[in-house]
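Take a look at the structure below.
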Amino acid sequence: MTEVIGAVQQKVHEANEALADLRSARETYSAVPEAKQTTRDYEDYEDAMLAAVEPLESVVDAFLPIVTAAEALAALHPDVWRDTATSFGCTEAEAIAGLLDAAGATGVARMFLEAHAEGDEDGDEHYQGA
């Protein structure tokens, strides 16, 4: 999983660099008075736009399987999460709840943490007392 996260982080870094280049090209192009803009100025700007697209597409490609998996998990019946919540440690429960929340299942995430807390003992992060 660490390799996947590292690869995604690299893609995001590349996309941010491409966007910075695109912003710079836009500023350069916009700084030229309209009457003096040439085809070459526009072609340079267009090249920068096209160069920014590939890294952005690779970010989407890198995140798509993660998003798809998160949506599939969020679509599971809430009883699955309620019945298994106490099987996870607090760190795992927080990670699962975060993933469910990011996938748009905020209510399921909250219910999962509440069900998880029922299995926690005194001193555990989510312990709510007897």
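Each chain in the structure tokens gets a letter, A, B and so on, in the order shown; residues start at 1 in every chain, and ligands are counted from 1 in the order they appear.
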Query raised in the report: Excluding same-chain residues fewer than 4 positions from stretch 68-79 of chain A, what lies within 12 Å of it counting only C-alpha atoms, as a VMD selection string?
Result: chain A and resid 60 to 64 83 to 85 95 to 113 115
Show me, as a short mmCIF file (atom, residue, chain, number, x, y, z; two decimals) with N, CA and C atoms, in the first residue's frame, the residues that have an atom within 10 Å of A:Gln9 when counting only C-alpha atoms, minus same-chain residues fewer than 5 positions from it.
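The result, written out as result37.cif:
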data_model
loop_
_atom_site.label_atom_id
_atom_site.label_comp_id
_atom_site.auth_asym_id
_atom_site.auth_seq_id
_atom_site.Cartn_x
_atom_site.Cartn_y
_atom_site.Cartn_z
N GLU A 3 3.64 1.69 -1.48
CA GLU A 3 4.10 1.95 -2.85
C GLU A 3 3.02 2.67 -3.65
N VAL A 4 1.75 2.28 -3.45
CA VAL A 4 0.64 2.92 -4.15
C VAL A 4 0.55 4.38 -3.73
N GLU A 14 3.82 15.81 -9.78
CA GLU A 14 4.01 16.11 -11.20
C GLU A 14 2.87 16.99 -11.73
N ALA A 15 1.65 16.70 -11.31
CA ALA A 15 0.51 17.51 -11.75
C ALA A 15 0.62 18.94 -11.22
N VAL A 59 -2.96 11.51 -12.52
CA VAL A 59 -3.46 11.61 -11.15
C VAL A 59 -4.84 10.95 -11.07
N ALA A 62 -4.48 7.30 -11.25
CA ALA A 62 -3.93 6.73 -10.01
C ALA A 62 -4.99 6.66 -8.92
#
Query raised in the report: atom CA of A:Asn16 to atom CA of A:Ala48: how many Å, to one decimal?
Result: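 Those two atoms sit 13.0 Å apart.
You can rank A:Val80, A:Ala7, A:Val12, A:Ala31 by their closest distance to A:Glu57 using only C-alpha atoms, and at the top of that list sits A:Val12.
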Query raised in the report: Between atom CA of A:Ser24 and atom CA of A:Leu50, what is the distance, to one decimal in Å?
Result: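 Computed distance, atom CA of A:Ser24 to atom CA of A:Leu50, equals 13.8 Å.
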**Report entry** Interatomic distance (Å, one decimal) between atom CA of A:Phe88 and atom CA of A:Gly6
**Finding:**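 Taking atom CA of A:Phe88 as the start and atom CA of A:Gly6 as the end point, the length is 25.1 Å.
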